[in-house]
file query-v1.csv (CSV, N, CA and C atoms)
chain,number,residue,atom,x,y,z
A,29,GLN,N,35.1,23.6,-52.1
A,29,GLN,CA,34.0,22.8,-52.7
A,29,GLN,C,34.5,22.4,-54.1
A,30,VAL,N,34.2,21.2,-54.5
A,30,VAL,CA,34.6,20.6,-55.8
A,30,VAL,C,33.3,20.2,-56.5
A,31,GLN,N,33.2,20.6,-57.7
A,31,GLN,CA,32.1,20.2,-58.5
A,31,GLN,C,32.6,19.2,-59.6
A,32,LEU,N,31.9,18.1,-59.7
A,32,LEU,CA,32.3,17.0,-60.6
A,32,LEU,C,31.1,16.9,-61.7
A,33,VAL,N,31.5,16.8,-62.9
A,33,VAL,CA,30.5,16.6,-64.0
A,33,VAL,C,31.0,15.5,-64.9
A,34,GLU,N,30.1,14.4,-64.9
A,34,GLU,CA,30.4,13.3,-65.7
A,34,GLU,C,29.8,13.4,-67.1
A,35,SER,N,30.4,12.8,-68.1
A,35,SER,CA,29.9,12.7,-69.4
A,35,SER,C,30.4,11.4,-70.1
A,36,GLY,N,29.7,11.1,-71.2
A,36,GLY,CA,30.2,10.0,-72.0
A,36,GLY,C,29.3,8.7,-71.9
A,37,GLY,N,28.3,8.8,-71.0
A,37,GLY,CA,27.4,7.6,-70.9
A,37,GLY,C,26.6,7.4,-72.2
A,38,GLY,N,25.9,6.3,-72.3
A,38,GLY,CA,25.0,6.1,-73.4
A,38,GLY,C,24.6,4.6,-73.5
A,39,LEU,N,24.1,4.3,-74.7
A,39,LEU,CA,23.6,3.0,-75.0
A,39,LEU,C,24.6,2.3,-75.9
A,40,VAL,N,25.0,1.1,-75.5
A,40,VAL,CA,26.0,0.4,-76.3
A,40,VAL,C,25.7,-1.1,-76.3
A,41,GLN,N,26.0,-1.8,-77.4
A,41,GLN,CA,25.8,-3.2,-77.4
A,41,GLN,C,26.9,-4.0,-76.6
A,42,ALA,N,26.5,-5.1,-76.2
A,42,ALA,CA,27.5,-6.0,-75.4
A,42,ALA,C,28.7,-6.2,-76.3
A,43,GLY,N,29.9,-6.1,-75.6
A,43,GLY,CA,31.1,-6.3,-76.4
A,43,GLY,C,31.7,-4.9,-76.8
A,44,GLY,N,30.9,-3.9,-76.7
A,44,GLY,CA,31.4,-2.6,-77.2
A,44,GLY,C,32.2,-1.8,-76.1
A,45,SER,N,32.5,-0.6,-76.4
A,45,SER,CA,33.3,0.2,-75.6
A,45,SER,C,32.7,1.6,-75.4
A,46,LEU,N,33.0,2.2,-74.2
A,46,LEU,CA,32.6,3.6,-73.9
A,46,LEU,C,33.7,4.2,-73.1
A,47,ARG,N,33.8,5.5,-73.2
A,47,ARG,CA,34.7,6.3,-72.4
A,47,ARG,C,33.9,7.3,-71.6
A,48,LEU,N,34.0,7.1,-70.3
A,48,LEU,CA,33.4,8.1,-69.4
A,48,LEU,C,34.5,9.1,-69.0
A,49,SER,N,34.0,10.4,-68.9
A,49,SER,CA,34.9,11.4,-68.5
A,49,SER,C,34.3,12.2,-67.3
A,50,CYS,N,35.1,12.7,-66.4
A,50,CYS,CA,34.7,13.5,-65.3
A,50,CYS,C,35.6,14.7,-65.2
A,51,ALA,N,34.9,15.9,-65.3
A,51,ALA,CA,35.6,17.1,-65.2
A,51,ALA,C,35.4,17.8,-63.8
A,52,ALA,N,36.5,18.2,-63.2
A,52,ALA,CA,36.4,18.8,-61.8
A,52,ALA,C,36.7,20.3,-61.9
A,53,SER,N,36.0,21.0,-61.0
A,53,SER,CA,36.2,22.4,-60.9
A,53,SER,C,36.9,22.7,-59.6
A,54,THR,N,38.2,22.6,-59.7
A,54,THR,CA,39.1,23.0,-58.6
A,54,THR,C,40.4,23.3,-59.1
A,55,ARG,N,41.1,24.2,-58.4
A,55,ARG,CA,42.4,24.6,-58.8
A,55,ARG,C,43.5,23.7,-58.3
A,56,THR,N,43.0,22.8,-57.4
A,56,THR,CA,44.0,21.9,-56.7
A,56,THR,C,43.6,20.5,-57.1
A,57,PHE,N,43.3,20.2,-58.3
A,57,PHE,CA,42.9,18.9,-58.8
A,57,PHE,C,43.9,17.8,-58.4
A,58,ASN,N,45.2,18.1,-58.5
A,58,ASN,CA,46.2,17.1,-58.2
A,58,ASN,C,46.3,16.8,-56.8
A,59,ASN,N,45.5,17.4,-55.9
A,59,ASN,CA,45.5,17.1,-54.5
A,59,ASN,C,44.4,16.1,-54.2
A,60,PHE,N,43.7,15.6,-55.2
A,60,PHE,CA,42.5,14.8,-54.9
A,60,PHE,C,42.7,13.4,-55.5
A,61,ALA,N,42.3,12.4,-54.7
A,61,ALA,CA,42.1,11.1,-55.2
A,61,ALA,C,40.7,11.0,-55.8
A,62,LEU,N,40.6,10.2,-56.9
A,62,LEU,CA,39.3,10.1,-57.6
A,62,LEU,C,38.9,8.7,-57.8
A,63,GLY,N,37.6,8.5,-57.8
A,63,GLY,CA,37.0,7.2,-58.0
A,63,GLY,C,35.8,7.2,-58.9
A,64,TRP,N,35.5,6.0,-59.4
A,64,TRP,CA,34.3,5.8,-60.2
A,64,TRP,C,33.5,4.7,-59.4
A,65,PHE,N,32.2,5.0,-59.3
A,65,PHE,CA,31.3,4.0,-58.7
A,65,PHE,C,30.1,3.9,-59.6
A,66,ARG,N,29.3,2.8,-59.4
A,66,ARG,CA,28.1,2.6,-60.2
A,66,ARG,C,27.0,2.1,-59.3
A,67,GLN,N,25.8,2.4,-59.8
A,67,GLN,CA,24.6,1.9,-59.0
A,67,GLN,C,23.6,1.5,-60.0
A,68,ALA,N,23.2,0.2,-59.9
A,68,ALA,CA,22.1,-0.3,-60.8
A,68,ALA,C,20.8,-0.3,-60.0
A,69,PRO,N,19.7,-0.3,-60.7
A,69,PRO,CA,18.4,-0.2,-60.0
A,69,PRO,C,18.3,-1.4,-58.9
A,70,GLY,N,17.9,-1.0,-57.7
A,70,GLY,CA,17.7,-2.0,-56.7
A,70,GLY,C,19.0,-2.4,-56.0
A,71,ARG,N,20.1,-1.9,-56.4
A,71,ARG,CA,21.4,-2.3,-55.8
A,71,ARG,C,22.1,-1.1,-55.1
A,72,GLU,N,23.0,-1.5,-54.2
A,72,GLU,CA,23.8,-0.4,-53.6
A,72,GLU,C,24.8,0.1,-54.5
A,73,ARG,N,25.3,1.3,-54.2
A,73,ARG,CA,26.4,1.9,-55.0
A,73,ARG,C,27.6,1.0,-54.8
A,74,GLU,N,28.3,0.7,-55.9
A,74,GLU,CA,29.5,-0.2,-55.7
A,74,GLU,C,30.7,0.4,-56.4
A,75,PHE,N,31.9,0.1,-55.9
A,75,PHE,CA,33.1,0.6,-56.4
A,75,PHE,C,33.4,0.0,-57.7
A,76,VAL,N,34.0,0.8,-58.6
A,76,VAL,CA,34.4,0.3,-59.9
A,76,VAL,C,35.9,0.5,-60.1
A,77,SER,N,36.4,1.7,-59.8
A,77,SER,CA,37.8,2.0,-60.1
A,77,SER,C,38.2,3.3,-59.3
A,78,ALA,N,39.5,3.4,-59.1
A,78,ALA,CA,40.0,4.6,-58.4
A,78,ALA,C,41.4,4.9,-58.8
A,79,ILE,N,41.9,6.1,-58.6
A,79,ILE,CA,43.2,6.5,-59.0
A,79,ILE,C,43.7,7.5,-57.9
A,80,ASN,N,45.0,7.4,-57.6
A,80,ASN,CA,45.5,8.3,-56.6
A,80,ASN,C,45.8,9.7,-57.2
A,81,TRP,N,46.3,10.6,-56.3
A,81,TRP,CA,46.5,12.0,-56.8
A,81,TRP,C,47.4,12.1,-58.0
A,82,SER,N,48.4,11.3,-58.0
A,82,SER,CA,49.4,11.5,-59.1
A,82,SER,C,49.1,10.6,-60.3
A,83,GLY,N,48.2,9.7,-60.2
A,83,GLY,CA,48.0,8.7,-61.2
A,83,GLY,C,48.9,7.5,-61.2
A,84,GLY,N,49.8,7.5,-60.2
A,84,GLY,CA,50.7,6.4,-60.1
A,84,GLY,C,50.2,5.1,-59.6
A,85,SER,N,49.0,5.2,-58.9
A,85,SER,CA,48.4,4.0,-58.4
A,85,SER,C,46.9,4.0,-58.8
A,86,THR,N,46.5,2.8,-59.3
A,86,THR,CA,45.2,2.6,-59.8
A,86,THR,C,44.6,1.4,-59.1
A,87,TYR,N,43.3,1.4,-59.0
A,87,TYR,CA,42.6,0.3,-58.3
A,87,TYR,C,41.3,-0.1,-59.1
A,88,TYR,N,41.0,-1.4,-59.1
A,88,TYR,CA,39.9,-1.8,-59.8
A,88,TYR,C,39.1,-2.9,-59.1
A,89,ALA,N,37.8,-2.9,-59.3
A,89,ALA,CA,36.9,-4.0,-58.9
A,89,ALA,C,37.3,-5.2,-59.7
A,90,ASP,N,37.1,-6.4,-59.1
A,90,ASP,CA,37.6,-7.6,-59.7
A,90,ASP,C,36.9,-7.8,-61.1
A,91,ASP,N,35.7,-7.5,-61.2
A,91,ASP,CA,35.0,-7.8,-62.5
A,91,ASP,C,35.2,-6.8,-63.6
A,92,VAL,N,36.0,-5.8,-63.3
A,92,VAL,CA,36.4,-4.9,-64.4
A,92,VAL,C,37.8,-4.8,-64.7
A,93,LYS,N,38.7,-5.3,-63.8
A,93,LYS,CA,40.1,-5.0,-63.9
A,93,LYS,C,40.8,-5.5,-65.2
A,94,GLU,N,40.2,-6.5,-65.8
A,94,GLU,CA,40.8,-7.0,-67.1
A,94,GLU,C,40.2,-6.3,-68.3
A,95,ARG,N,39.2,-5.4,-68.0
A,95,ARG,CA,38.5,-4.8,-69.2
A,95,ARG,C,38.6,-3.3,-69.2
A,96,TRP,N,38.8,-2.7,-68.1
A,96,TRP,CA,38.7,-1.2,-68.0
A,96,TRP,C,40.0,-0.6,-67.5
A,97,THR,N,40.1,0.7,-67.9
A,97,THR,CA,41.3,1.4,-67.5
A,97,THR,C,40.9,2.8,-67.0
A,98,ILE,N,41.5,3.2,-65.9
A,98,ILE,CA,41.2,4.6,-65.3
A,98,ILE,C,42.5,5.4,-65.6
A,99,SER,N,42.3,6.7,-65.9
A,99,SER,CA,43.4,7.6,-66.1
A,99,SER,C,43.0,9.0,-65.7
A,100,ARG,N,44.0,9.8,-65.5
A,100,ARG,CA,43.7,11.2,-65.1
A,100,ARG,C,44.6,12.1,-65.8
A,101,ASP,N,44.2,13.3,-66.1
A,101,ASP,CA,45.0,14.4,-66.7
A,101,ASP,C,45.0,15.6,-65.7
A,102,ASN,N,46.0,15.7,-65.0
A,102,ASN,CA,46.0,16.8,-64.0
A,102,ASN,C,46.1,18.2,-64.6
A,103,ALA,N,46.5,18.3,-65.8
A,103,ALA,CA,46.6,19.6,-66.5
A,103,ALA,C,45.2,20.0,-67.0
A,104,LYS,N,44.3,19.0,-67.2
A,104,LYS,CA,43.0,19.3,-67.7
A,104,LYS,C,41.9,19.1,-66.7
A,105,ASN,N,42.3,18.7,-65.5
A,105,ASN,CA,41.3,18.4,-64.4
A,105,ASN,C,40.3,17.4,-64.8
A,106,THR,N,40.7,16.3,-65.4
A,106,THR,CA,39.8,15.3,-65.8
A,106,THR,C,40.3,13.9,-65.4
A,107,VAL,N,39.3,13.0,-65.2
A,107,VAL,CA,39.6,11.6,-64.9
A,107,VAL,C,38.7,10.8,-65.9
A,108,ASP,N,39.2,9.9,-66.6
A,108,ASP,CA,38.5,9.1,-67.5
A,108,ASP,C,38.4,7.6,-67.1
A,109,LEU,N,37.4,7.0,-67.6
A,109,LEU,CA,37.2,5.5,-67.4
A,109,LEU,C,37.0,4.9,-68.8
A,110,HIS,N,38.0,4.2,-69.3
A,110,HIS,CA,37.9,3.5,-70.5
A,110,HIS,C,37.3,2.1,-70.3
A,111,MET,N,36.1,1.9,-70.8
A,111,MET,CA,35.4,0.7,-70.6
A,111,MET,C,35.3,-0.1,-71.9
A,112,ASN,N,35.9,-1.3,-71.9
A,112,ASN,CA,35.9,-2.2,-73.0
A,112,ASN,C,35.2,-3.5,-72.7
A,113,ILE,N,34.8,-4.2,-73.7
A,113,ILE,CA,34.1,-5.5,-73.5
A,113,ILE,C,33.0,-5.3,-72.6
A,114,LEU,N,32.1,-4.4,-72.8
A,114,LEU,CA,31.0,-4.1,-71.9
A,114,LEU,C,30.0,-5.3,-71.9
A,115,LYS,N,29.4,-5.5,-70.8
A,115,LYS,CA,28.4,-6.6,-70.6
A,115,LYS,C,27.1,-6.0,-70.1
A,116,PRO,N,26.0,-6.7,-70.3
A,116,PRO,CA,24.7,-6.2,-69.8
A,116,PRO,C,24.8,-5.9,-68.3
A,117,ASP,N,25.5,-6.7,-67.5
A,117,ASP,CA,25.6,-6.4,-66.1
A,117,ASP,C,26.3,-5.1,-65.7
A,118,ASP,N,27.0,-4.5,-66.7
A,118,ASP,CA,27.6,-3.2,-66.5
A,118,ASP,C,26.6,-2.1,-66.5
A,119,THR,N,25.4,-2.3,-66.9
A,119,THR,CA,24.3,-1.3,-66.9
A,119,THR,C,24.1,-0.7,-65.6
A,120,ALA,N,24.3,0.6,-65.5
A,120,ALA,CA,24.1,1.3,-64.2
A,120,ALA,C,24.3,2.8,-64.4
A,121,VAL,N,24.0,3.6,-63.4
A,121,VAL,CA,24.4,5.0,-63.4
A,121,VAL,C,25.8,5.0,-62.8
A,122,TYR,N,26.7,5.7,-63.5
A,122,TYR,CA,28.1,5.8,-63.1
A,122,TYR,C,28.4,7.1,-62.5
A,123,TYR,N,29.1,7.1,-61.3
A,123,TYR,CA,29.3,8.4,-60.6
A,123,TYR,C,30.8,8.5,-60.4
A,124,CYS,N,31.3,9.8,-60.6
A,124,CYS,CA,32.6,10.2,-60.3
A,124,CYS,C,32.6,10.7,-58.9
A,125,ALA,N,33.7,10.5,-58.1
A,125,ALA,CA,33.8,10.9,-56.8
A,125,ALA,C,35.2,11.4,-56.5
A,126,ALA,N,35.4,12.3,-55.5
A,126,ALA,CA,36.7,12.8,-55.2
A,126,ALA,C,36.8,13.0,-53.7
A,127,VAL,N,38.1,12.9,-53.2
A,127,VAL,CA,38.4,13.1,-51.8
A,127,VAL,C,39.8,13.7,-51.8
A,128,ALA,N,40.0,14.6,-50.9
A,128,ALA,CA,41.3,15.3,-50.8
A,128,ALA,C,42.3,14.3,-50.3
A,129,PHE,N,43.4,14.4,-51.1
A,129,PHE,CA,44.6,13.6,-50.8
A,129,PHE,C,44.4,12.1,-50.9
A,130,ARG,N,43.8,11.5,-49.9
A,130,ARG,CA,43.7,10.0,-49.8
A,130,ARG,C,42.5,9.6,-49.0
A,131,PRO,N,41.8,8.6,-49.5
A,131,PRO,CA,40.7,8.1,-48.7
A,131,PRO,C,41.1,7.6,-47.3
A,132,ALA,N,40.2,7.7,-46.4
A,132,ALA,CA,40.5,7.2,-45.0
A,132,ALA,C,41.0,5.8,-45.0
A,133,GLY,N,42.1,5.5,-44.3
A,133,GLY,CA,42.6,4.2,-44.2
A,133,GLY,C,43.1,3.7,-45.5
A,134,GLY,N,43.3,4.5,-46.5
A,134,GLY,CA,43.8,4.1,-47.8
A,134,GLY,C,42.8,3.2,-48.5
A,135,ASP,N,41.5,3.2,-48.1
A,135,ASP,CA,40.5,2.4,-48.7
A,135,ASP,C,39.8,3.2,-49.8
A,136,TYR,N,40.2,2.9,-51.0
A,136,TYR,CA,39.7,3.6,-52.2
A,136,TYR,C,38.3,3.1,-52.6
A,137,SER,N,37.9,1.9,-52.1
A,137,SER,CA,36.7,1.2,-52.6
A,137,SER,C,35.5,1.6,-51.8
A,138,SER,N,35.6,2.3,-50.7
A,138,SER,CA,34.4,2.6,-50.0
A,138,SER,C,33.8,4.0,-50.4
A,139,PRO,N,32.5,4.0,-50.8
A,139,PRO,CA,32.0,5.3,-51.2
A,139,PRO,C,31.9,6.3,-50.0
A,140,ASN,N,31.9,5.7,-48.8
A,140,ASN,CA,31.9,6.6,-47.6
A,140,ASN,C,33.1,7.4,-47.4
A,141,ASN,N,34.2,7.1,-48.1
A,141,ASN,CA,35.4,7.8,-48.0
A,141,ASN,C,35.6,8.9,-49.0
A,142,TYR,N,34.6,9.2,-49.8
A,142,TYR,CA,34.7,10.3,-50.7
A,142,TYR,C,33.7,11.4,-50.3
A,143,ASP,N,34.2,12.6,-50.6
A,143,ASP,CA,33.4,13.8,-50.1
A,143,ASP,C,32.6,14.5,-51.2
A,144,TYR,N,33.0,14.3,-52.4
A,144,TYR,CA,32.4,15.0,-53.5
A,144,TYR,C,31.9,14.0,-54.6
A,145,TRP,N,30.8,14.3,-55.1
A,145,TRP,CA,30.2,13.4,-56.1
A,145,TRP,C,29.6,14.2,-57.3
A,146,GLY,N,29.7,13.5,-58.4
A,146,GLY,CA,29.0,14.1,-59.6
A,146,GLY,C,27.5,13.6,-59.6
A,147,GLN,N,26.8,14.1,-60.6
A,147,GLN,CA,25.4,13.8,-60.7
A,147,GLN,C,25.1,12.4,-61.4
A,148,GLY,N,26.1,11.8,-62.0
A,148,GLY,CA,26.0,10.5,-62.6
A,148,GLY,C,25.7,10.6,-64.1
A,149,THR,N,26.1,9.5,-64.7
A,149,THR,CA,25.8,9.3,-66.1
A,149,THR,C,25.4,7.9,-66.4
A,150,GLN,N,24.3,7.7,-67.2
A,150,GLN,CA,23.7,6.4,-67.4
A,150,GLN,C,24.5,5.7,-68.5
A,151,VAL,N,24.8,4.4,-68.1
A,151,VAL,CA,25.4,3.5,-69.1
A,151,VAL,C,24.5,2.3,-69.2
A,152,THR,N,24.0,2.0,-70.5
A,152,THR,CA,23.1,0.9,-70.7
A,152,THR,C,23.8,0.0,-71.8
A,153,VAL,N,23.9,-1.2,-71.4
A,153,VAL,CA,24.5,-2.2,-72.3
A,153,VAL,C,23.5,-3.2,-72.7
A,154,SER,N,23.2,-3.3,-74.0
A,154,SER,CA,22.2,-4.2,-74.5
A,154,SER,C,22.8,-5.5,-74.9
A,155,SER,N,22.0,-6.6,-74.8
A,155,SER,CA,22.5,-7.9,-75.1
A,155,SER,C,22.2,-8.3,-76.5
call {"tool": "encode", "arguments": {"input": "query-v1.csv", "output": "structure tokens"}}
result
Amino acid sequence: QVQLVESGGGLVQAGGSLRLSCAASTRTFNNFALGWFRQAPGREREFVSAINWSGGSTYYADDVKERWTISRDNAKNTVDLHMNILKPDDTAVYYCAAVAFRPAGGDYSSPNNYDYWGQGTQVTVSS
């Protein structure tokens, strides 16, 4: 069992930055692929970014790839999402997710391919 705890959410003005962090409770953190998803009110949970077990491969949704960066520290059991140039449309609850080794079919963008989830952290971007 892996427990994930997100932190770093909050209220920020459009154009600002936030860093989300997710801490994992597992001794085999480097065996897990990790992802960030978000869910806005009335909308389905959607993919934001993901990183493979080593950190050597990263994946982004189209609307964040030029603005955000995902990184992981396998020594600290953490994965971060550095969010720059935030927009009001980025307002959502952000969730960290993990799956052992690699998502099914190599599809990092499907929430169905992740087995462990955090409780979420709210990000609100004001215009």
call {"tool": "closest_residue", "arguments": {"input": "query-v1.csv", "among": "A:Tyr144, A:Ala42, A:Asn58, A:Asn80", "to": "A:Ala103", "atoms": "only N, CA and C atoms"}}
result
A:Asn58
call {"tool": "closest_residue", "arguments": {"input": "query-v1.csv", "among": "A:Asn140, A:Ser35, A:Gln147, A:Ser82", "to": "A:Phe60", "atoms": "all atoms listed in the file"}}
result
A:Ser82
call {"tool": "closest_residue", "arguments": {"input": "query-v1.csv", "among": "A:Ser99, A:Asn112, A:Gln29, A:Thr119", "to": "A:Gln67", "atoms": "all atoms listed in the file"}}
result
A:Thr119
call {"tool": "residues_around", "arguments": {"input": "query-v1.csv", "residues": "A:Thr97", "least_positions_apart": "5", "cutoff": "6 Å", "atoms": "only N, CA and C atoms", "output": "ChimeraX atom specification"}}
result
/A:108-111
call {"tool": "closest_residue", "arguments": {"input": "query-v1.csv", "among": "A:Thr56, A:Thr86, A:Asn141, A:Gln41", "to": "A:Asn105", "atoms": "only N, CA and C atoms"}}
result
A:Thr56
call {"tool": "atom_distance", "arguments": {"input": "query-v1.csv", "atom1": "atom N of A:Lys93", "atom2": "atom C of A:Phe75"}}
result
9.7 Å
call {"tool": "atom_distance", "arguments": {"input": "query-v1.csv", "atom1": "atom CA of A:Asp91", "atom2": "atom CA of A:Gly38"}}
result
20.3 Å
call {"tool": "closest_residue", "arguments": {"input": "query-v1.csv", "among": "A:Thr152, A:Asn59, A:Thr54, A:Ser45", "to": "A:Val121", "atoms": "only C-alpha atoms"}}
result
A:Thr152
call {"tool": "atom_distance", "arguments": {"input": "query-v1.csv", "atom1": "atom C of A:Ser49", "atom2": "atom N of A:Pro69"}}
result
20.3 Å
call {"tool": "closest_residue", "arguments": {"input": "query-v1.csv", "among": "A:Ile79, A:Leu32, A:Ala68, A:Val151", "to": "A:Cys124", "atoms": "all atoms listed in the file"}}
result
A:Leu32
call {"tool": "select_by_dssp", "arguments": {"input": "query-v1.csv", "residues": "chain A", "states": "strand (DSSP E or B)", "output": "ChimeraX atom specification"}}
result
/A:31-35,38-41,46-53,60-67,74-79,86-88,96-101,106-111,120-128,144-145,149-154
call {"tool": "residues_around", "arguments": {"input": "query-v1.csv", "residues": "A:Gly83", "least_positions_apart": "4", "cutoff": "10 Å", "atoms": "only C-alpha atoms", "output": "list in words"}}
result
Asn58, Ala61, Leu62, Ala78, Ile79, Ile98, Ser99, Arg100, Asp101, Asn102 and Val107 of chain A
call {"tool": "select_by_dssp", "arguments": {"input": "query-v1.csv", "residues": "stretch 37-155 of chain A", "states": "helix (DSSP H, G or I)", "output": "PyMOL selection string"}}
result
chain A and resi 57-59+116-118+132-134+139-141
call {"tool": "residues_around", "arguments": {"input": "query-v1.csv", "residues": "A:Val33", "least_positions_apart": "5", "cutoff": "10 Å", "atoms": "only C-alpha atoms", "output": "PyMOL selection string"}}
result
chain A and resi 49-53+106+123-125+145-149
call {"tool": "build_atoms", "arguments": {"input": "query-v1.csv", "residues": "stretch 144-152 of chain A", "atoms": "all heavy atoms", "output": "compact mmCIF listing (two decimals), keeping the file's coordinate frame"}}
result
# COMPACT_ATOMS: atom_id res chain seq x y z
N TYR A 144 33.00 14.30 -52.40
CA TYR A 144 32.40 15.00 -53.50
C TYR A 144 31.90 14.00 -54.60
O TYR A 144 32.66 13.07 -54.90
CB TYR A 144 33.36 16.04 -54.13
CG TYR A 144 33.92 17.01 -53.13
CD1 TYR A 144 35.18 16.82 -52.58
CD2 TYR A 144 33.16 18.09 -52.69
CE1 TYR A 144 35.69 17.70 -51.65
CE2 TYR A 144 33.67 18.99 -51.76
CZ TYR A 144 34.94 18.78 -51.24
OH TYR A 144 35.44 19.65 -50.31
N TRP A 145 30.80 14.30 -55.10
CA TRP A 145 30.20 13.40 -56.10
C TRP A 145 29.60 14.20 -57.30
O TRP A 145 29.06 15.28 -57.11
CB TRP A 145 29.03 12.59 -55.43
CG TRP A 145 29.54 11.62 -54.42
CD1 TRP A 145 29.82 11.87 -53.11
CD2 TRP A 145 29.84 10.24 -54.64
NE1 TRP A 145 30.29 10.73 -52.51
CE2 TRP A 145 30.31 9.71 -53.42
CE3 TRP A 145 29.77 9.40 -55.75
CZ2 TRP A 145 30.69 8.38 -53.28
CZ3 TRP A 145 30.15 8.08 -55.61
CH2 TRP A 145 30.61 7.57 -54.40
N GLY A 146 29.70 13.50 -58.40
CA GLY A 146 29.00 14.10 -59.60
C GLY A 146 27.50 13.60 -59.60
O GLY A 146 27.06 12.89 -58.73
N GLN A 147 26.80 14.10 -60.60
CA GLN A 147 25.40 13.80 -60.70
C GLN A 147 25.10 12.40 -61.40
O GLN A 147 24.01 11.90 -61.31
CB GLN A 147 24.67 14.86 -61.52
CG GLN A 147 24.76 14.72 -63.04
CD GLN A 147 26.13 15.01 -63.60
OE1 GLN A 147 27.03 15.50 -62.91
NE2 GLN A 147 26.32 14.72 -64.89
N GLY A 148 26.10 11.80 -62.00
CA GLY A 148 26.00 10.50 -62.60
C GLY A 148 25.70 10.60 -64.10
O GLY A 148 25.14 11.52 -64.57
N THR A 149 26.10 9.50 -64.70
CA THR A 149 25.80 9.30 -66.10
C THR A 149 25.40 7.90 -66.40
O THR A 149 25.96 6.96 -65.87
CB THR A 149 27.01 9.72 -67.01
OG1 THR A 149 26.66 9.68 -68.40
CG2 THR A 149 28.20 8.80 -66.78
N GLN A 150 24.30 7.70 -67.20
CA GLN A 150 23.70 6.40 -67.40
C GLN A 150 24.50 5.70 -68.50
O GLN A 150 24.80 6.20 -69.55
CB GLN A 150 22.28 6.55 -67.85
CG GLN A 150 21.60 5.24 -68.20
CD GLN A 150 21.32 4.38 -67.00
OE1 GLN A 150 20.82 4.85 -65.98
NE2 GLN A 150 21.63 3.09 -67.10
N VAL A 151 24.80 4.40 -68.10
CA VAL A 151 25.40 3.50 -69.10
C VAL A 151 24.50 2.30 -69.20
O VAL A 151 24.10 1.68 -68.24
CB VAL A 151 26.80 3.01 -68.68
CG1 VAL A 151 27.29 1.90 -69.58
CG2 VAL A 151 27.77 4.18 -68.67
N THR A 152 24.00 2.00 -70.50
CA THR A 152 23.10 0.90 -70.70
C THR A 152 23.80 0.00 -71.80
O THR A 152 24.13 0.49 -72.86
CB THR A 152 21.77 1.40 -71.22
OG1 THR A 152 21.19 2.29 -70.24
CG2 THR A 152 20.82 0.23 -71.43
